[in-house]
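Peer 1: So here's upload.cif (mmCIF, N, CA, C and O atoms).
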```cif
data_protein
#
loop_
_atom_site.label_atom_id
_atom_site.label_comp_id
_atom_site.auth_asym_id
_atom_site.auth_seq_id
_atom_site.Cartn_x
_atom_site.Cartn_y
_atom_site.Cartn_z
N MET A 1 71.27 -39.06 139.84
CA MET A 1 72.71 -39.30 139.80
C MET A 1 73.34 -38.28 138.86
O MET A 1 72.84 -38.06 137.77
N PRO A 2 74.43 -37.68 139.29
CA PRO A 2 75.10 -36.69 138.42
C PRO A 2 75.60 -37.31 137.12
O PRO A 2 75.89 -38.50 137.05
N GLN A 3 75.67 -36.48 136.11
CA GLN A 3 76.20 -36.90 134.82
C GLN A 3 77.60 -36.33 134.58
O GLN A 3 78.41 -36.94 133.90
N VAL A 4 77.86 -35.14 135.16
CA VAL A 4 79.10 -34.42 134.89
C VAL A 4 79.69 -33.92 136.22
O VAL A 4 78.97 -33.46 137.10
N VAL A 5 81.02 -34.00 136.32
CA VAL A 5 81.75 -33.43 137.46
C VAL A 5 82.63 -32.31 136.91
O VAL A 5 83.40 -32.53 135.98
N THR A 6 82.48 -31.12 137.51
CA THR A 6 83.30 -29.98 137.10
C THR A 6 84.46 -29.84 138.07
O THR A 6 84.25 -29.72 139.28
N LYS A 7 85.66 -29.89 137.56
CA LYS A 7 86.88 -29.79 138.35
C LYS A 7 87.22 -28.31 138.58
O LYS A 7 86.66 -27.44 137.92
N PRO A 8 88.16 -27.99 139.50
CA PRO A 8 88.49 -26.58 139.81
C PRO A 8 88.90 -25.74 138.61
O PRO A 8 88.62 -24.56 138.57
N ASN A 9 89.51 -26.32 137.62
CA ASN A 9 89.95 -25.55 136.45
C ASN A 9 88.87 -25.51 135.37
O ASN A 9 89.16 -25.26 134.20
N ASN A 10 87.61 -25.80 135.77
CA ASN A 10 86.44 -25.84 134.88
C ASN A 10 86.48 -26.98 133.86
O ASN A 10 85.69 -27.00 132.93
N ARG A 11 87.40 -27.90 134.04
CA ARG A 11 87.44 -29.09 133.19
C ARG A 11 86.29 -30.00 133.62
O ARG A 11 86.01 -30.15 134.81
N GLN A 12 85.58 -30.58 132.68
CA GLN A 12 84.45 -31.43 132.99
C GLN A 12 84.75 -32.88 132.65
O GLN A 12 85.33 -33.18 131.61
N LEU A 13 84.35 -33.75 133.56
CA LEU A 13 84.52 -35.19 133.38
C LEU A 13 83.16 -35.87 133.54
O LEU A 13 82.31 -35.38 134.28
N ALA A 14 82.99 -36.98 132.89
CA ALA A 14 81.78 -37.78 133.09
C ALA A 14 81.80 -38.33 134.52
O ALA A 14 82.84 -38.76 135.02
N PHE A 15 80.65 -38.31 135.17
CA PHE A 15 80.54 -38.87 136.52
C PHE A 15 80.79 -40.37 136.45
O PHE A 15 80.28 -41.05 135.56
N ASP A 16 81.58 -40.88 137.40
CA ASP A 16 81.96 -42.29 137.39
C ASP A 16 81.76 -42.87 138.79
O ASP A 16 82.44 -42.47 139.73
N ASP A 17 80.81 -43.80 138.93
CA ASP A 17 80.55 -44.45 140.22
C ASP A 17 81.80 -45.12 140.79
O ASP A 17 81.99 -45.15 142.00
N MET A 18 82.65 -45.63 139.92
CA MET A 18 83.86 -46.31 140.38
C MET A 18 84.78 -45.35 141.12
O MET A 18 85.41 -45.72 142.11
N ARG A 19 84.85 -44.10 140.68
CA ARG A 19 85.70 -43.11 141.36
C ARG A 19 85.17 -42.82 142.76
O ARG A 19 85.96 -42.62 143.69
N ILE A 20 83.85 -42.83 142.92
CA ILE A 20 83.25 -42.64 144.25
C ILE A 20 83.65 -43.81 145.14
O ILE A 20 84.03 -43.63 146.30
N SER A 21 83.61 -45.01 144.60
CA SER A 21 83.99 -46.21 145.36
C SER A 21 85.46 -46.17 145.76
O SER A 21 85.81 -46.49 146.91
N VAL A 22 86.33 -45.77 144.84
CA VAL A 22 87.76 -45.70 145.13
C VAL A 22 88.04 -44.64 146.19
O VAL A 22 88.84 -44.85 147.11
N TYR A 23 87.36 -43.49 146.09
CA TYR A 23 87.54 -42.43 147.09
C TYR A 23 87.07 -42.91 148.46
O TYR A 23 87.72 -42.66 149.47
N ALA A 24 85.96 -43.65 148.49
CA ALA A 24 85.47 -44.22 149.76
C ALA A 24 86.50 -45.18 150.34
O ALA A 24 86.73 -45.19 151.56
N ASP A 25 87.13 -45.99 149.49
CA ASP A 25 88.19 -46.90 149.96
C ASP A 25 89.33 -46.12 150.61
O ASP A 25 89.86 -46.54 151.65
N ARG A 26 89.73 -45.01 150.00
CA ARG A 26 90.82 -44.20 150.56
C ARG A 26 90.42 -43.61 151.91
O ARG A 26 91.22 -43.58 152.85
N ILE A 27 89.18 -43.14 152.03
CA ILE A 27 88.72 -42.54 153.28
C ILE A 27 88.63 -43.59 154.38
O ILE A 27 88.96 -43.32 155.53
N LEU A 28 88.20 -44.78 154.03
CA LEU A 28 87.97 -45.83 155.03
C LEU A 28 89.16 -46.76 155.25
O LEU A 28 89.06 -47.72 156.01
N GLU A 29 90.30 -46.45 154.63
CA GLU A 29 91.49 -47.29 154.80
C GLU A 29 91.85 -47.40 156.28
O GLU A 29 92.00 -46.39 156.97
N GLY A 30 91.95 -48.61 156.78
CA GLY A 30 92.29 -48.85 158.18
C GLY A 30 91.09 -48.76 159.11
O GLY A 30 91.22 -48.98 160.31
N LEU A 31 89.92 -48.44 158.59
CA LEU A 31 88.70 -48.36 159.40
C LEU A 31 87.76 -49.49 158.95
O LEU A 31 86.62 -49.27 158.57
N ASP A 32 88.27 -50.70 159.03
CA ASP A 32 87.58 -51.87 158.48
C ASP A 32 86.23 -52.14 159.13
O ASP A 32 85.39 -52.83 158.56
N MET A 33 86.01 -51.59 160.34
CA MET A 33 84.75 -51.85 161.03
C MET A 33 83.59 -51.03 160.46
O MET A 33 82.45 -51.27 160.79
N LEU A 34 83.90 -50.09 159.58
CA LEU A 34 82.87 -49.22 159.00
C LEU A 34 82.38 -49.76 157.66
O LEU A 34 83.15 -50.35 156.90
N ASP A 35 81.11 -49.54 157.37
CA ASP A 35 80.46 -50.08 156.19
C ASP A 35 80.55 -49.10 155.02
O ASP A 35 79.89 -48.05 155.02
N LYS A 36 81.35 -49.44 154.05
CA LYS A 36 81.57 -48.58 152.88
C LYS A 36 80.26 -48.32 152.13
O LYS A 36 80.02 -47.20 151.67
N GLU A 37 79.41 -49.31 152.01
CA GLU A 37 78.17 -49.15 151.26
C GLU A 37 77.25 -48.12 151.90
O GLU A 37 76.58 -47.37 151.20
N ARG A 38 77.23 -48.06 153.23
CA ARG A 38 76.42 -47.04 153.91
C ARG A 38 76.93 -45.64 153.58
O ARG A 38 76.15 -44.72 153.34
N LEU A 39 78.24 -45.50 153.56
CA LEU A 39 78.84 -44.20 153.24
C LEU A 39 78.52 -43.82 151.79
O LEU A 39 78.07 -42.69 151.53
N VAL A 40 78.71 -44.72 150.87
CA VAL A 40 78.47 -44.43 149.45
C VAL A 40 76.99 -44.10 149.21
O VAL A 40 76.67 -43.19 148.44
N ARG A 41 76.07 -44.82 149.86
CA ARG A 41 74.64 -44.51 149.72
C ARG A 41 74.35 -43.09 150.19
O ARG A 41 73.59 -42.35 149.55
N GLY A 42 74.95 -42.69 151.32
CA GLY A 42 74.75 -41.34 151.83
C GLY A 42 75.28 -40.29 150.87
O GLY A 42 74.65 -39.25 150.64
N VAL A 43 76.45 -40.55 150.31
CA VAL A 43 77.05 -39.61 149.34
C VAL A 43 76.15 -39.48 148.12
O VAL A 43 75.82 -38.36 147.70
N ASN A 44 75.74 -40.60 147.56
CA ASN A 44 74.91 -40.56 146.36
C ASN A 44 73.58 -39.86 146.60
O ASN A 44 73.05 -39.19 145.71
N SER A 45 73.05 -39.97 147.81
CA SER A 45 71.78 -39.30 148.11
C SER A 45 71.92 -37.78 148.14
O SER A 45 70.95 -37.06 147.95
N LYS A 46 73.13 -37.31 148.35
CA LYS A 46 73.38 -35.86 148.39
C LYS A 46 73.74 -35.28 147.02
O LYS A 46 73.75 -34.07 146.85
N LEU A 47 74.04 -36.13 146.08
CA LEU A 47 74.44 -35.67 144.74
C LEU A 47 73.28 -35.88 143.77
O LEU A 47 73.25 -36.83 143.01
N ARG A 48 72.33 -34.98 143.81
CA ARG A 48 71.10 -35.17 143.03
C ARG A 48 71.02 -34.33 141.77
O ARG A 48 70.09 -34.48 141.00
N ARG A 49 71.94 -33.42 141.57
CA ARG A 49 71.89 -32.59 140.37
C ARG A 49 72.63 -33.27 139.23
O ARG A 49 73.44 -34.16 139.45
N ASP A 50 72.37 -32.81 138.03
CA ASP A 50 73.04 -33.39 136.85
C ASP A 50 74.52 -33.03 136.80
O ASP A 50 75.32 -33.77 136.26
N GLU A 51 74.88 -31.88 137.37
CA GLU A 51 76.27 -31.44 137.35
C GLU A 51 76.70 -31.09 138.77
O GLU A 51 76.00 -30.37 139.48
N VAL A 52 77.82 -31.64 139.22
CA VAL A 52 78.36 -31.36 140.55
C VAL A 52 79.84 -31.00 140.42
O VAL A 52 80.47 -31.28 139.41
N THR A 53 80.37 -30.40 141.47
CA THR A 53 81.79 -30.08 141.50
C THR A 53 82.52 -31.09 142.38
O THR A 53 81.90 -31.79 143.19
N GLY A 54 83.82 -31.13 142.24
CA GLY A 54 84.63 -31.99 143.09
C GLY A 54 84.47 -31.62 144.56
O GLY A 54 84.43 -32.50 145.43
N ASP A 55 84.35 -30.32 144.85
CA ASP A 55 84.15 -29.87 146.23
C ASP A 55 82.82 -30.38 146.79
O ASP A 55 82.74 -30.75 147.96
N GLU A 56 81.79 -30.39 145.97
CA GLU A 56 80.49 -30.90 146.41
C GLU A 56 80.56 -32.39 146.73
O GLU A 56 79.95 -32.85 147.69
N ILE A 57 81.33 -33.11 145.96
CA ILE A 57 81.51 -34.54 146.24
C ILE A 57 82.26 -34.72 147.57
O ILE A 57 81.86 -35.52 148.42
N SER A 58 83.32 -33.94 147.78
CA SER A 58 84.07 -34.02 149.04
C SER A 58 83.18 -33.67 150.22
O SER A 58 83.22 -34.34 151.26
N ASN A 59 82.38 -32.62 150.08
CA ASN A 59 81.48 -32.23 151.16
C ASN A 59 80.43 -33.31 151.42
O ASN A 59 80.06 -33.55 152.58
N ALA A 60 79.95 -33.96 150.37
CA ALA A 60 78.98 -35.04 150.54
C ALA A 60 79.58 -36.18 151.33
O ALA A 60 78.91 -36.78 152.18
N PHE A 61 80.85 -36.49 151.10
CA PHE A 61 81.53 -37.53 151.88
C PHE A 61 81.63 -37.12 153.35
O PHE A 61 81.34 -37.91 154.24
N MET A 62 82.04 -35.88 153.60
CA MET A 62 82.20 -35.43 154.98
C MET A 62 80.86 -35.46 155.71
O MET A 62 80.75 -35.99 156.81
N MET A 63 79.83 -34.89 155.09
CA MET A 63 78.52 -34.83 155.75
C MET A 63 77.93 -36.23 155.94
O MET A 63 77.33 -36.51 156.99
N SER A 64 78.10 -37.09 154.99
CA SER A 64 77.57 -38.46 155.11
C SER A 64 78.25 -39.20 156.25
O SER A 64 77.59 -39.88 157.04
N ALA A 65 79.56 -39.05 156.37
CA ALA A 65 80.29 -39.71 157.46
C ALA A 65 79.86 -39.13 158.81
O ALA A 65 79.66 -39.88 159.77
N LEU A 66 79.70 -37.81 158.89
CA LEU A 66 79.26 -37.20 160.15
C LEU A 66 77.87 -37.67 160.55
O LEU A 66 77.60 -37.88 161.73
N GLU A 67 77.00 -37.83 159.58
CA GLU A 67 75.64 -38.31 159.88
C GLU A 67 75.63 -39.73 160.42
O GLU A 67 74.70 -40.13 161.12
N LEU A 68 76.67 -40.50 160.14
CA LEU A 68 76.74 -41.88 160.59
C LEU A 68 77.37 -42.03 161.98
O LEU A 68 77.36 -43.13 162.53
N VAL A 69 77.90 -40.95 162.54
CA VAL A 69 78.52 -41.02 163.87
C VAL A 69 77.42 -41.28 164.91
O VAL A 69 76.43 -40.57 164.97
N THR A 70 77.61 -42.33 165.68
CA THR A 70 76.71 -42.66 166.77
C THR A 70 77.54 -43.09 167.97
O THR A 70 78.77 -43.28 167.85
N LYS A 71 76.88 -43.29 169.07
CA LYS A 71 77.58 -43.78 170.26
C LYS A 71 78.15 -45.17 169.99
O LYS A 71 79.23 -45.51 170.45
N GLU A 72 77.43 -45.96 169.19
CA GLU A 72 77.87 -47.32 168.87
C GLU A 72 78.96 -47.34 167.81
O GLU A 72 79.76 -48.27 167.74
N GLU A 73 78.97 -46.34 166.93
CA GLU A 73 79.96 -46.27 165.85
C GLU A 73 80.64 -44.89 165.81
O GLU A 73 80.46 -44.13 164.87
N PRO A 74 81.43 -44.58 166.82
CA PRO A 74 82.08 -43.27 166.87
C PRO A 74 83.20 -43.10 165.84
O PRO A 74 83.60 -41.97 165.53
N ASN A 75 83.69 -44.21 165.27
CA ASN A 75 84.82 -44.12 164.33
C ASN A 75 84.47 -43.43 163.02
O ASN A 75 85.37 -43.11 162.24
N TRP A 76 83.17 -43.20 162.78
CA TRP A 76 82.81 -42.45 161.57
C TRP A 76 83.40 -41.05 161.60
O TRP A 76 83.62 -40.44 160.57
N LYS A 77 83.66 -40.52 162.82
CA LYS A 77 84.25 -39.16 162.87
C LYS A 77 85.65 -39.16 162.27
O LYS A 77 86.08 -38.16 161.69
N PHE A 78 86.36 -40.29 162.34
CA PHE A 78 87.69 -40.37 161.72
C PHE A 78 87.56 -40.39 160.19
O PHE A 78 88.38 -39.80 159.48
N ALA A 79 86.52 -41.05 159.70
CA ALA A 79 86.27 -41.05 158.26
C ALA A 79 85.92 -39.63 157.79
O ALA A 79 86.37 -39.19 156.74
N ALA A 80 85.12 -38.92 158.59
CA ALA A 80 84.76 -37.54 158.24
C ALA A 80 86.00 -36.66 158.22
O ALA A 80 86.18 -35.85 157.29
N ALA A 81 86.86 -36.82 159.20
CA ALA A 81 88.09 -36.02 159.25
C ALA A 81 88.98 -36.33 158.05
O ALA A 81 89.54 -35.43 157.43
N ARG A 82 89.08 -37.59 157.72
CA ARG A 82 89.92 -37.98 156.58
C ARG A 82 89.33 -37.43 155.27
O ARG A 82 90.06 -37.02 154.39
N SER A 83 88.02 -37.40 155.16
CA SER A 83 87.40 -36.87 153.95
C SER A 83 87.69 -35.38 153.80
O SER A 83 87.73 -34.86 152.68
N CYS A 84 87.94 -34.71 154.93
CA CYS A 84 88.32 -33.29 154.87
C CYS A 84 89.79 -33.13 154.50
O CYS A 84 90.15 -32.20 153.78
N SER A 85 90.62 -34.03 154.98
CA SER A 85 92.06 -33.86 154.77
C SER A 85 92.51 -34.31 153.39
O SER A 85 93.48 -33.78 152.87
N LEU A 86 91.83 -35.27 152.78
CA LEU A 86 92.24 -35.72 151.44
C LEU A 86 92.16 -34.61 150.41
O LEU A 86 93.09 -34.43 149.64
N PRO A 87 91.07 -33.83 150.34
CA PRO A 87 91.06 -32.73 149.37
C PRO A 87 92.12 -31.68 149.65
O PRO A 87 92.60 -31.02 148.75
N CYS A 88 92.52 -31.54 150.92
CA CYS A 88 93.54 -30.54 151.27
C CYS A 88 94.89 -30.88 150.66
O CYS A 88 95.73 -30.00 150.52
N THR A 89 95.11 -32.13 150.32
CA THR A 89 96.38 -32.48 149.71
C THR A 89 96.46 -31.97 148.28
O THR A 89 97.53 -31.81 147.74
N LYS A 90 95.31 -31.69 147.66
CA LYS A 90 95.29 -31.19 146.30
C LYS A 90 95.33 -29.67 146.26
O LYS A 90 95.86 -29.08 145.35
N LYS A 91 94.70 -29.04 147.25
CA LYS A 91 94.69 -27.58 147.30
C LYS A 91 94.64 -27.15 148.75
O LYS A 91 94.15 -27.86 149.60
N ARG A 92 95.14 -26.01 149.02
CA ARG A 92 95.16 -25.51 150.39
C ARG A 92 93.86 -24.78 150.67
O ARG A 92 93.48 -23.86 149.95
N LEU A 93 93.16 -25.18 151.74
CA LEU A 93 91.94 -24.49 152.13
C LEU A 93 92.27 -23.20 152.86
O LEU A 93 93.22 -23.16 153.64
N PRO A 94 91.48 -22.16 152.68
CA PRO A 94 91.68 -20.94 153.46
C PRO A 94 91.49 -21.24 154.95
O PRO A 94 90.77 -22.16 155.32
N THR A 95 92.11 -20.45 155.79
CA THR A 95 92.07 -20.67 157.24
C THR A 95 90.64 -20.71 157.76
O THR A 95 90.29 -21.55 158.57
N ALA A 96 89.77 -19.84 157.28
CA ALA A 96 88.39 -19.80 157.75
C ALA A 96 87.69 -21.12 157.47
O ALA A 96 86.98 -21.65 158.32
N ASP A 97 87.86 -21.68 156.28
CA ASP A 97 87.23 -22.95 155.94
C ASP A 97 87.75 -24.07 156.82
O ASP A 97 86.99 -24.91 157.26
N THR A 98 89.03 -24.10 157.08
CA THR A 98 89.62 -25.12 157.92
C THR A 98 89.05 -25.04 159.33
O THR A 98 88.73 -26.06 159.93
N SER A 99 88.90 -23.84 159.87
CA SER A 99 88.38 -23.70 161.23
C SER A 99 86.92 -24.12 161.29
O SER A 99 86.48 -24.69 162.28
N LEU A 100 86.14 -23.86 160.24
CA LEU A 100 84.74 -24.30 160.22
C LEU A 100 84.65 -25.81 160.22
O LEU A 100 83.82 -26.40 160.93
N ILE A 101 85.49 -26.46 159.45
CA ILE A 101 85.51 -27.92 159.41
C ILE A 101 85.90 -28.47 160.77
O ILE A 101 85.27 -29.38 161.29
N ARG A 102 86.94 -27.90 161.36
CA ARG A 102 87.40 -28.37 162.66
C ARG A 102 86.29 -28.20 163.71
O ARG A 102 86.03 -29.10 164.50
N THR A 103 85.59 -27.05 163.70
CA THR A 103 84.52 -26.80 164.64
C THR A 103 83.40 -27.81 164.46
O THR A 103 82.87 -28.34 165.43
N SER A 104 83.04 -28.10 163.22
CA SER A 104 81.98 -29.07 162.94
C SER A 104 82.35 -30.45 163.45
O SER A 104 81.55 -31.13 164.07
N LEU A 105 83.59 -30.88 163.18
CA LEU A 105 84.03 -32.20 163.63
C LEU A 105 84.08 -32.28 165.15
O LEU A 105 83.68 -33.28 165.74
N MET A 106 84.54 -31.21 165.80
CA MET A 106 84.61 -31.21 167.26
C MET A 106 83.21 -31.26 167.86
O MET A 106 82.97 -31.98 168.83
N ALA A 107 82.28 -30.53 167.28
CA ALA A 107 80.90 -30.53 167.79
C ALA A 107 80.29 -31.92 167.70
O ALA A 107 79.64 -32.39 168.64
N HIS A 108 80.51 -32.59 166.57
CA HIS A 108 79.95 -33.92 166.39
C HIS A 108 80.65 -34.96 167.28
O HIS A 108 80.02 -35.84 167.80
N SER A 109 81.94 -34.83 167.47
CA SER A 109 82.65 -35.84 168.25
C SER A 109 82.37 -35.71 169.73
O SER A 109 82.37 -36.70 170.44
N THR A 110 82.08 -34.51 170.24
CA THR A 110 81.80 -34.35 171.66
C THR A 110 80.42 -34.83 172.03
O THR A 110 80.13 -35.06 173.21
N LEU A 111 79.54 -35.04 171.07
CA LEU A 111 78.20 -35.54 171.36
C LEU A 111 78.24 -36.92 171.99
O LEU A 111 77.34 -37.31 172.71
N PHE A 112 79.28 -37.68 171.70
CA PHE A 112 79.32 -39.08 172.10
C PHE A 112 80.42 -39.40 173.10
O PHE A 112 80.81 -40.53 173.24
N LEU A 113 80.93 -38.38 173.77
CA LEU A 113 81.98 -38.63 174.77
C LEU A 113 81.36 -39.01 176.11
O LEU A 113 80.30 -38.76 176.45
#
```
Take the structure in the file and write it out as structure tokens.
Peer 2:
Amino acid sequence: MPQVVTKPNNRQLAFDDMRISVYADRILEGLDMLDKERLVRGVNSKLRRDEVTGDEISNAFMMSALELVTKEEPNWKFAAARSCSLPCTKKRLPTADTSLIRTSLMAHSTLFL
């Protein structure tokens, strides 16, 4: 489990499980059929270093949600998309990064059509 989170301005904060839970609530708002604990377990499994960045946490949410997309639970793709869009409200992603995210989401969502 990480001990420190490094923010974009190199400010460091103590890692807080509650913030992960609150972020998961924001991502899953209105998607009540999805299991928050499964998402949080996936995120925590990806954050194994002592120090992580905010971007790494956001990416862990996106990848964890994408891994949960199945034919039975296709709504995880909406959680993955939301996990991409929430960080964008804090900073603007370069066009190349946005297109990579869009391509990844489209590839995963077409698997179950």
Peer 1: To one decimal place, how far is atom O of Gly54 of chain A from atom O of Pro8 of chain A in Å?
Peer 2: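 Interatomic distance here is 11.3 Å.
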Peer 1: Give me the residues near segment 71-83 of chain A as a VMD selection string, where near means some atom within 6 Å (using only N, CA, C and O atoms) and where sequence neighbours in that chain fewer than 2 positions away do not count.
Peer 2: chain A and resid 27 to 28 58 61 to 62 65 to 66 68 to 69 85 to 87 112
Peer 1: Output N, CA, C and O atoms for every residue in the selection just made, as a short mmCIF file (atom, residue, chain, number, x, y, z; two decimals), in the frame of the given file.
Peer 2:
```cif
data_model
loop_
_atom_site.label_atom_id
_atom_site.label_comp_id
_atom_site.auth_asym_id
_atom_site.auth_seq_id
_atom_site.Cartn_x
_atom_site.Cartn_y
_atom_site.Cartn_z
N ILE A 27 89.18 -43.14 152.03
CA ILE A 27 88.72 -42.54 153.28
C ILE A 27 88.63 -43.59 154.38
O ILE A 27 88.96 -43.32 155.53
N LEU A 28 88.20 -44.78 154.03
CA LEU A 28 87.97 -45.83 155.03
C LEU A 28 89.16 -46.76 155.25
O LEU A 28 89.06 -47.72 156.01
N SER A 58 83.32 -33.94 147.78
CA SER A 58 84.07 -34.02 149.04
C SER A 58 83.18 -33.67 150.22
O SER A 58 83.22 -34.34 151.26
N PHE A 61 80.85 -36.49 151.10
CA PHE A 61 81.53 -37.53 151.88
C PHE A 61 81.63 -37.12 153.35
O PHE A 61 81.34 -37.91 154.24
N MET A 62 82.04 -35.88 153.60
CA MET A 62 82.20 -35.43 154.98
C MET A 62 80.86 -35.46 155.71
O MET A 62 80.75 -35.99 156.81
N ALA A 65 79.56 -39.05 156.37
CA ALA A 65 80.29 -39.71 157.46
C ALA A 65 79.86 -39.13 158.81
O ALA A 65 79.66 -39.88 159.77
N LEU A 66 79.70 -37.81 158.89
CA LEU A 66 79.26 -37.20 160.15
C LEU A 66 77.87 -37.67 160.55
O LEU A 66 77.60 -37.88 161.73
N LEU A 68 76.67 -40.50 160.14
CA LEU A 68 76.74 -41.88 160.59
C LEU A 68 77.37 -42.03 161.98
O LEU A 68 77.36 -43.13 162.53
N VAL A 69 77.90 -40.95 162.54
CA VAL A 69 78.52 -41.02 163.87
C VAL A 69 77.42 -41.28 164.91
O VAL A 69 76.43 -40.57 164.97
N SER A 85 90.62 -34.03 154.98
CA SER A 85 92.06 -33.86 154.77
C SER A 85 92.51 -34.31 153.39
O SER A 85 93.48 -33.78 152.87
N LEU A 86 91.83 -35.27 152.78
CA LEU A 86 92.24 -35.72 151.44
C LEU A 86 92.16 -34.61 150.41
O LEU A 86 93.09 -34.43 149.64
N PRO A 87 91.07 -33.83 150.34
CA PRO A 87 91.06 -32.73 149.37
C PRO A 87 92.12 -31.68 149.65
O PRO A 87 92.60 -31.02 148.75
N PHE A 112 79.28 -37.68 171.70
CA PHE A 112 79.32 -39.08 172.10
C PHE A 112 80.42 -39.40 173.10
O PHE A 112 80.81 -40.53 173.24
#
```
Peer 1: Can you check which parts of segment 51-86 of chain A lie within 7 Å of segment 37-45 of chain A? Per residue, the shortest pair of atoms and distance in Å to one decimal, counting all atoms listed in the file, sorted by chain and number, as JSON lines.
Peer 2:
```
{"residue": "A:Glu56", "atom": "O", "partner": "A:Val43", "partner_atom": "O", "distance": 6.9}
{"residue": "A:Ile57", "atom": "O", "partner": "A:Val43", "partner_atom": "CA", "distance": 6.4}
{"residue": "A:Ala60", "atom": "O", "partner": "A:Val43", "partner_atom": "CA", "distance": 4.4}
{"residue": "A:Phe61", "atom": "N", "partner": "A:Val43", "partner_atom": "CA", "distance": 5.2}
{"residue": "A:Met63", "atom": "C", "partner": "A:Gly42", "partner_atom": "O", "distance": 6.9}
{"residue": "A:Ser64", "atom": "CA", "partner": "A:Gly42", "partner_atom": "C", "distance": 5.2}
{"residue": "A:Ala65", "atom": "N", "partner": "A:Leu39", "partner_atom": "CA", "distance": 6.1}
```
Peer 1: Atom N of Asp17 of chain A to atom O of Gly30 of chain A: how many Å, to one decimal?
Peer 2: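 Between these atoms lies a distance of 24.3 Å.
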Peer 1: So what do you get for atom CA of Val4 of chain A versus atom CA of Thr53 of chain A, distance-wise?
Peer 2: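 Taking atom CA of Val4 of chain A as the start and atom CA of Thr53 of chain A as the end point, the length is 8.4 Å.
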Peer 1: Residues within 6 Å of (80.9, -31.5, 131.3), file coordinates, counting all atoms listed in the file: what are they? Give the list as a list in words.
Peer 2: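 I get Val4, Val5, Gln12 and Leu13 of chain A for the residues within 6 Å of that point.
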Peer 1: Selection in question (the file shown): the PyMOL selection byres (((chain A and resi 49 and name CA) around 9) and name CA). Which residues does it include, as an mmCIF file with N, CA, C and O atoms, in the coordinates of the input?
Peer 2:
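So expr_6.cif came out as:
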```cif
data_model
loop_
_atom_site.group_PDB
_atom_site.id
_atom_site.type_symbol
_atom_site.label_atom_id
_atom_site.label_comp_id
_atom_site.auth_asym_id
_atom_site.auth_seq_id
_atom_site.Cartn_x
_atom_site.Cartn_y
_atom_site.Cartn_z
ATOM 1 N N MET A 1 71.270 -39.060 139.840
ATOM 2 C CA MET A 1 72.710 -39.300 139.800
ATOM 3 C C MET A 1 73.340 -38.280 138.860
ATOM 4 O O MET A 1 72.840 -38.060 137.770
ATOM 5 N N PRO A 2 74.430 -37.680 139.290
ATOM 6 C CA PRO A 2 75.100 -36.690 138.420
ATOM 7 C C PRO A 2 75.600 -37.310 137.120
ATOM 8 O O PRO A 2 75.890 -38.500 137.050
ATOM 9 N N GLN A 3 75.670 -36.480 136.110
ATOM 10 C CA GLN A 3 76.200 -36.900 134.820
ATOM 11 C C GLN A 3 77.600 -36.330 134.580
ATOM 12 O O GLN A 3 78.410 -36.940 133.900
ATOM 13 N N LYS A 46 73.130 -37.310 148.350
ATOM 14 C CA LYS A 46 73.380 -35.860 148.390
ATOM 15 C C LYS A 46 73.740 -35.280 147.020
ATOM 16 O O LYS A 46 73.750 -34.070 146.850
ATOM 17 N N LEU A 47 74.040 -36.130 146.080
ATOM 18 C CA LEU A 47 74.440 -35.670 144.740
ATOM 19 C C LEU A 47 73.280 -35.880 143.770
ATOM 20 O O LEU A 47 73.250 -36.830 143.010
ATOM 21 N N ARG A 48 72.330 -34.980 143.810
ATOM 22 C CA ARG A 48 71.100 -35.170 143.030
ATOM 23 C C ARG A 48 71.020 -34.330 141.770
ATOM 24 O O ARG A 48 70.090 -34.480 141.000
ATOM 25 N N ASP A 50 72.370 -32.810 138.030
ATOM 26 C CA ASP A 50 73.040 -33.390 136.850
ATOM 27 C C ASP A 50 74.520 -33.030 136.800
ATOM 28 O O ASP A 50 75.320 -33.770 136.260
ATOM 29 N N GLU A 51 74.880 -31.880 137.370
ATOM 30 C CA GLU A 51 76.270 -31.440 137.350
ATOM 31 C C GLU A 51 76.700 -31.090 138.770
ATOM 32 O O GLU A 51 76.000 -30.370 139.480
ATOM 33 N N VAL A 52 77.820 -31.640 139.220
ATOM 34 C CA VAL A 52 78.360 -31.360 140.550
ATOM 35 C C VAL A 52 79.840 -31.000 140.420
ATOM 36 O O VAL A 52 80.470 -31.280 139.410
#
```
Peer 1: Report the residues of segment 7-103 of chain A whose backbone DSSP state falls under strand (DSSP E), written as a count of residues only.
Peer 2: 6
